[in-house]
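Participant: Before we start, here is the structure in question, set down as structure tokens.
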Amino acid sequence: MFRLLLDKFQWQGTDRIYSLPWMRNRLEYSADPNRVKEYLKGGEFTRSQLTRDMLSRFHLSHNSIVVSDDEHAQFLRSIFLECLPTQERYPEIAKELVDEVFVTGNNKALRLSSSLIPTVYLSLLSNLLGANVLQSLREHIRKIDFQPGTRPMHLDGLMYALGMQFPGLGVMRNIIDLIFFKRDHYTRKIAVKLEKMVFEFATPREGSWYAHLIEMKQSGKISTAQFRGELTSMLVSSYALSAAMSSMLLSLAARPEYVHKIRHDEAMAKHFVNEVLRLFPPFRQFGYERKGVWEKSGRSKEEVTDFMVSVFGLHRNEDVWENADEFRPERFATPDAVKGCKFMPFGLGKRSCTGRVYSIRVLVEILKYVCSEECNLHLTLPEDYEKDYVGLPLGTNGRLVSFPVDDRVYARRTPVKKGGAI
Amino acid sequence: MNKKVSEKKTNEVKPDPIRACFLTTATVKAQGLPDDCEPLELARYLRDNEMKSKKELSAVDLYYDIAPEIVSRCNDDEWAVFWRDHIRKITALVKLGEYDLAKDLYTFATASLVNKKITHFSDVQLVNRVYEYGLNGIGQKWLPYWIRFGMLKAALFVGLSYQSVRLGFAKRKFANVLDI
């Protein structure tokens, strides 16, 4: 009943404007690339307060780059980007990750999301944060049952409309989670524990993002809360990256003909990843606002304060994507395939996803390795797999991070004999 | 053992760079760190360059007598706690150049393990060795073992309680570095 009620508010394919009489917000929800382009024209926009409030109050990302103001985000972002691994490191990172999840000789059915999250998290701690992960932390992460959250975004919207983002109502938010959304409550609990454990059981590598964060915390350039926020953003990123990776591997299992194509055409791996991100964006919406919209005197009641882009709707908009529901990576082979605000899996502008470069490179390298003879991995979907009408995986709707609804896959990996695959 | 003899003996002890740093080595190994990792290098630096007084050299001497036994009686979980509560903080303090506090913390950490791991009533030899160092061997010849054992345990309890409070306050100055 509750679910049905929430589903009534889901995006139905038309652009809408929402507002509540007791709120100053006027929220526009759009999946039209021309409207997106018009709104974001001139670059005078930022991540909306609504998005930041919802992320920081109802989810895991507290006080990190994601939810901080523009100036602070820009300052951290420039340091972060300098700490990214060199391009030559990505094949190695991808290989380690795949070898960890798909063990040779271990031919069994896997639940991709829960297998990937801890491995991706460890990989991010090591390669993106730049930490030496000590044994105790490694073992602790391996023991955790990472599960994607269950609380619908619509409920977050409703809670926001009722003013429940205010810090004083934290106890009530916790009670709601404890009663109705135990998994979210559990995830928040493990996130807090992991912040502490990462600090205690991970040592920074010289010049790494982690070393910079520690130095900034010690010199007072960032607060302890911001420091903790950045550590938790690694966990949030591992959820998002695992969701994209799961969708990618399941799509590969659903379309095995691309294994051969990717093996013989490296550019195809990039197109395949783009197509997966188009059909299964891990974040299905991004929120923006014009800079200074809240301070503006004499603002008309009709003026939009929050502009939400439905990434899922945008990516499946039949007006801009030919046969939008069809899985066709070749559509990205044309040079202007992503022009015109119609493809934005990582958001747009200065507040786009900070880990965008890292994520794309890792996804492409994983795909190349999985399709290689050296890896010798064969992925197949179970017979009773839950597919959409074109035979692709289904993504969960209305959650902050969209994981595949059914993430089961059979992984068969046999050792490679010298001179080729067996 | 005669006090003078004991002093003479300890004066002869010089820090040996190739001697292992038992507790730190066991801790970092349990955490999967290599032999040349930073915590171990800094612990060696602390031992070889910052512990040169008679008292400190004597402490180093005792350390080498008892540490192997401590190592043999601890498991990986205990080393994880030792890392979290002590070695991590000592490393950070040495990096900050706070050698005195780092030394005090290392001594406290070792004494805590001594109290917990190798001063049981049945550990006669080890109890005698710690008693000789900690209580200067007072009445070692004529006091019954059970009295000396009781005195040592009481001294360890008082000393560790005092140091725990003192170091707790001293560490507060570096809370920004040591804690999250």
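Here, A, B, ... name the chains of the structure tokens in the order displayed, residue numbers run from 1 inside each chain, and ligands are numbered from 1 in the same displayed order.
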Considering only C-alpha atoms, extract the chain B residues located within 8 Å of chain A and return them as a PyMOL selection string.
Facilitator: chain B and resi 30-33+80+84+88+176-177+180
Participant: I'd like the contact shell of B:Ala67 - 10 Å cut-off, only C-alpha atoms, skipping same-chain residues fewer than 3 positions apart - returned as a ChimeraX atom specification.
Facilitator: /B:21-23,62-64,70-73,110,113-114,118
Participant: Please identify all polymer residues within 12 Å of A:Tyr121, counting only C-alpha atoms, omitting same-chain residues fewer than 6 positions from it, and present them as a PyMOL selection string.
Facilitator: chain A and resi 97+113-115+127-129+131+133+137-138+141-142+144+146+191+194+198+231-242
Participant: Would you mind listing what lies within 12 Å of stretch 141-156 of chain B as a compact mmCIF listing (two decimals) with N, CA and C atoms, in the first residue's frame, with only C-alpha atoms counted and same-chain residues fewer than 6 positions away left out?
Facilitator:
```txt
# COMPACT_ATOMS: atom_id res chain seq x y z
N MET B 1 69.88 -9.39 42.66
CA MET B 1 71.14 -8.88 42.09
C MET B 1 71.53 -7.55 42.74
N ASN B 2 72.82 -7.41 43.02
CA ASN B 2 73.32 -6.18 43.62
C ASN B 2 73.04 -4.99 42.71
N PHE B 108 54.77 2.92 28.59
CA PHE B 108 53.46 2.59 29.17
C PHE B 108 52.84 1.39 28.47
N THR B 110 54.36 -0.96 26.79
CA THR B 110 55.11 -2.19 27.12
C THR B 110 54.76 -2.66 28.53
N ALA B 111 54.71 -1.70 29.47
CA ALA B 111 54.39 -2.06 30.86
C ALA B 111 53.00 -2.67 30.96
N SER B 112 52.07 -2.16 30.14
CA SER B 112 50.71 -2.73 30.16
C SER B 112 50.74 -4.20 29.73
N LEU B 113 51.54 -4.47 28.68
CA LEU B 113 51.66 -5.86 28.22
C LEU B 113 52.38 -6.72 29.25
N VAL B 114 53.39 -6.14 29.90
CA VAL B 114 54.11 -6.87 30.95
C VAL B 114 53.13 -7.28 32.03
N ASN B 115 52.31 -6.33 32.44
CA ASN B 115 51.34 -6.59 33.51
C ASN B 115 50.32 -7.66 33.09
N LYS B 116 49.91 -7.57 31.85
CA LYS B 116 48.83 -8.45 31.39
C LYS B 116 49.34 -9.84 30.98
N ILE B 118 52.98 -11.30 31.11
CA ILE B 118 54.11 -12.12 31.58
C ILE B 118 54.38 -12.02 33.08
N THR B 119 53.45 -11.45 33.82
CA THR B 119 53.67 -11.42 35.27
C THR B 119 52.55 -12.17 35.99
N HIS B 120 52.34 -13.38 35.54
CA HIS B 120 51.43 -14.26 36.27
C HIS B 120 52.22 -14.91 37.40
N PHE B 121 51.53 -15.46 38.38
CA PHE B 121 52.24 -15.99 39.56
C PHE B 121 53.23 -17.10 39.19
N SER B 122 52.89 -17.83 38.14
CA SER B 122 53.76 -18.96 37.75
C SER B 122 55.00 -18.52 36.96
N ASP B 123 55.03 -17.26 36.51
CA ASP B 123 56.17 -16.78 35.71
C ASP B 123 57.30 -16.30 36.63
N VAL B 124 57.88 -17.21 37.37
CA VAL B 124 58.83 -16.82 38.42
C VAL B 124 60.01 -16.02 37.85
N GLN B 125 60.65 -16.55 36.84
CA GLN B 125 61.84 -15.89 36.28
C GLN B 125 61.52 -14.50 35.75
N LEU B 126 60.43 -14.43 35.02
CA LEU B 126 60.06 -13.14 34.42
C LEU B 126 59.66 -12.15 35.50
N VAL B 127 58.91 -12.62 36.49
CA VAL B 127 58.51 -11.73 37.60
C VAL B 127 59.77 -11.21 38.29
N ASN B 128 60.74 -12.09 38.52
CA ASN B 128 62.00 -11.66 39.17
C ASN B 128 62.73 -10.63 38.34
N ARG B 129 62.73 -10.83 37.01
CA ARG B 129 63.46 -9.90 36.13
C ARG B 129 62.79 -8.52 36.13
N VAL B 130 61.46 -8.52 36.07
CA VAL B 130 60.73 -7.24 36.08
C VAL B 130 60.87 -6.58 37.45
N TYR B 131 60.82 -7.38 38.50
CA TYR B 131 60.96 -6.86 39.87
C TYR B 131 62.33 -6.20 40.04
N GLU B 132 63.35 -6.85 39.51
CA GLU B 132 64.73 -6.34 39.61
C GLU B 132 64.83 -4.96 38.96
N TYR B 133 64.15 -4.81 37.82
CA TYR B 133 64.20 -3.52 37.13
C TYR B 133 63.28 -2.50 37.79
N GLY B 134 62.04 -2.92 38.00
CA GLY B 134 61.02 -1.97 38.44
C GLY B 134 61.17 -1.53 39.88
N LEU B 135 61.52 -2.46 40.78
CA LEU B 135 61.62 -2.12 42.20
C LEU B 135 63.06 -2.21 42.68
N TYR B 162 48.46 5.72 37.24
CA TYR B 162 48.96 7.10 37.25
C TYR B 162 49.35 7.52 35.82
N GLN B 163 50.11 6.64 35.16
CA GLN B 163 50.59 6.97 33.82
C GLN B 163 49.42 7.10 32.81
N SER B 164 48.42 6.26 33.02
CA SER B 164 47.27 6.31 32.12
C SER B 164 46.61 7.69 32.18
```
Participant: Env of A:Met248: 10 Å cut, atoms = only C-alpha atoms, seq-sep filter 5 positions within chain, self excluded. Answer as a list in words.
Facilitator: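 What passes the distance filter is Ser242, Ala243, Ala253, Ala254, Phe272, Val273, Asn274, Glu275, Val276, Leu277, Phe280, Leu363, Val364, Ile366, Leu367, Pro393 and Pro404 of chain A.
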Participant: Given the selection you just returned, output its residues as a file containing C-alpha atoms, formatted as a PDB file, in the first residue's frame.
Facilitator:
```pdb
ATOM      1  CA  SER A 242      29.641  -1.302  -7.789  1.00  0.00           C
ATOM      2  CA  ALA A 243      26.181  -0.486  -9.134  1.00  0.00           C
ATOM      3  CA  ALA A 253      26.205 -11.501 -19.805  1.00  0.00           C
ATOM      4  CA  ALA A 254      22.964 -10.519 -21.569  1.00  0.00           C
ATOM      5  CA  PHE A 272      29.912  -0.222 -24.095  1.00  0.00           C
ATOM      6  CA  VAL A 273      30.568   1.551 -20.777  1.00  0.00           C
ATOM      7  CA  ASN A 274      28.834   4.692 -22.060  1.00  0.00           C
ATOM      8  CA  GLU A 275      25.832   2.665 -23.152  1.00  0.00           C
ATOM      9  CA  VAL A 276      25.639   0.991 -19.732  1.00  0.00           C
ATOM     10  CA  LEU A 277      25.844   4.383 -18.015  1.00  0.00           C
ATOM     11  CA  PHE A 280      21.668   2.267 -15.990  1.00  0.00           C
ATOM     12  CA  LEU A 363      35.082   0.499 -15.791  1.00  0.00           C
ATOM     13  CA  VAL A 364      36.707   0.475 -19.239  1.00  0.00           C
ATOM     14  CA  ILE A 366      37.619  -3.962 -16.163  1.00  0.00           C
ATOM     15  CA  LEU A 367      35.571  -4.557 -19.262  1.00  0.00           C
ATOM     16  CA  PRO A 393      18.730  -6.210 -16.547  1.00  0.00           C
ATOM     17  CA  PRO A 404      20.236  -4.028 -10.697  1.00  0.00           C
TER      18      PRO A 404
END
```
Participant: Within 10 Å of A:Gln285, counting only C-alpha atoms, which residues qualify if same-chain residues fewer than 5 places away don't, as number ranges by chain?
Facilitator: A: 29-31, 51, 308-314, 344-347, 398-401
Participant: Go through A:Tyr288, A:Phe332, A:Phe343, A:Trp321 one by one, measure the shortest atom-to-atom distance of each to A:Thr305 using only C-alpha atoms, and give the residue with the smallest value.
Facilitator: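 With only C-alpha atoms as the atom set, the closest residue is A:Tyr288.
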Participant: Need the shell around A:Asp306: protein/DNA/RNA residues with any atom at most 7 Å away, counting only C-alpha atoms. Skip same-chain ones fewer than 2 positions apart. Format as a list of chain:residue names?
Facilitator: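 Close residues of A:Asp306: A:Asn25, A:Arg26, A:Leu27, A:Glu28, A:Ser48, A:Gly287, A:Tyr288, A:Glu289, A:Val304, A:Met308.
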Participant: Include N, CA and C atoms and write out the residues we just selected as a PDB file, in the first residue's frame.
Facilitator:
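Generated file (part21.pdb):
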```pdb
ATOM      1  N   ASN A  25      10.240  26.482  -1.817  1.00  0.00           N
ATOM      2  CA  ASN A  25      10.781  25.746  -2.969  1.00  0.00           C
ATOM      3  C   ASN A  25       9.778  25.628  -4.118  1.00  0.00           C
ATOM      4  N   ARG A  26      10.304  25.770  -5.299  1.00  0.00           N
ATOM      5  CA  ARG A  26       9.499  25.425  -6.469  1.00  0.00           C
ATOM      6  C   ARG A  26      10.421  24.544  -7.306  1.00  0.00           C
ATOM      7  N   LEU A  27      10.078  23.283  -7.342  1.00  0.00           N
ATOM      8  CA  LEU A  27      10.991  22.299  -7.916  1.00  0.00           C
ATOM      9  C   LEU A  27      10.561  21.885  -9.315  1.00  0.00           C
ATOM     10  N   GLU A  28      11.485  22.024 -10.248  1.00  0.00           N
ATOM     11  CA  GLU A  28      11.192  21.562 -11.604  1.00  0.00           C
ATOM     12  C   GLU A  28      11.948  20.271 -11.846  1.00  0.00           C
ATOM     13  N   SER A  48      22.087  21.950  -5.868  1.00  0.00           N
ATOM     14  CA  SER A  48      21.010  22.590  -5.101  1.00  0.00           C
ATOM     15  C   SER A  48      21.077  22.248  -3.616  1.00  0.00           C
ATOM     16  N   GLY A 287      20.447  17.464  -8.775  1.00  0.00           N
ATOM     17  CA  GLY A 287      19.713  18.695  -8.494  1.00  0.00           C
ATOM     18  C   GLY A 287      20.599  19.923  -8.590  1.00  0.00           C
ATOM     19  N   TYR A 288      20.092  20.968  -9.237  1.00  0.00           N
ATOM     20  CA  TYR A 288      20.855  22.213  -9.384  1.00  0.00           C
ATOM     21  C   TYR A 288      20.002  23.408  -8.957  1.00  0.00           C
ATOM     22  N   GLU A 289      20.682  24.505  -8.684  1.00  0.00           N
ATOM     23  CA  GLU A 289      19.978  25.772  -8.456  1.00  0.00           C
ATOM     24  C   GLU A 289      20.845  26.888  -9.009  1.00  0.00           C
ATOM     25  N   VAL A 304      11.701  29.004 -10.567  1.00  0.00           N
ATOM     26  CA  VAL A 304      12.132  27.680 -10.119  1.00  0.00           C
ATOM     27  C   VAL A 304      13.349  27.823  -9.201  1.00  0.00           C
ATOM     28  N   MET A 308      15.724  19.739 -10.870  1.00  0.00           N
ATOM     29  CA  MET A 308      16.176  18.349 -10.808  1.00  0.00           C
ATOM     30  C   MET A 308      16.192  17.768 -12.218  1.00  0.00           C
TER      31      MET A 308
END
```
Participant: Report, in Å to a single decimal, how far apart atom CA of A:Arg284 and atom CA of A:Lys261 are.
Facilitator: 28.8 Å
Participant: Based on DSSP run over this structure's backbone, return all residues of stretch 24-114 of chain B in helix (DSSP H, G or I), as a ChimeraX atom specification.
Facilitator: /B:24-30,38-49,54-73,76-96,99-114
Participant: Restricting the calculation to only C-alpha atoms: of B:Asp65, B:Asn136, B:Asp179, B:Asp100, which residue gets closest to B:Met51?
Facilitator: B:Asp100
Participant: Any idea what the distance is between atom CA of A:Thr380 and atom CA of A:Arg408?
Facilitator: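 Rounded to one decimal, the two atoms are 9.2 Å apart.
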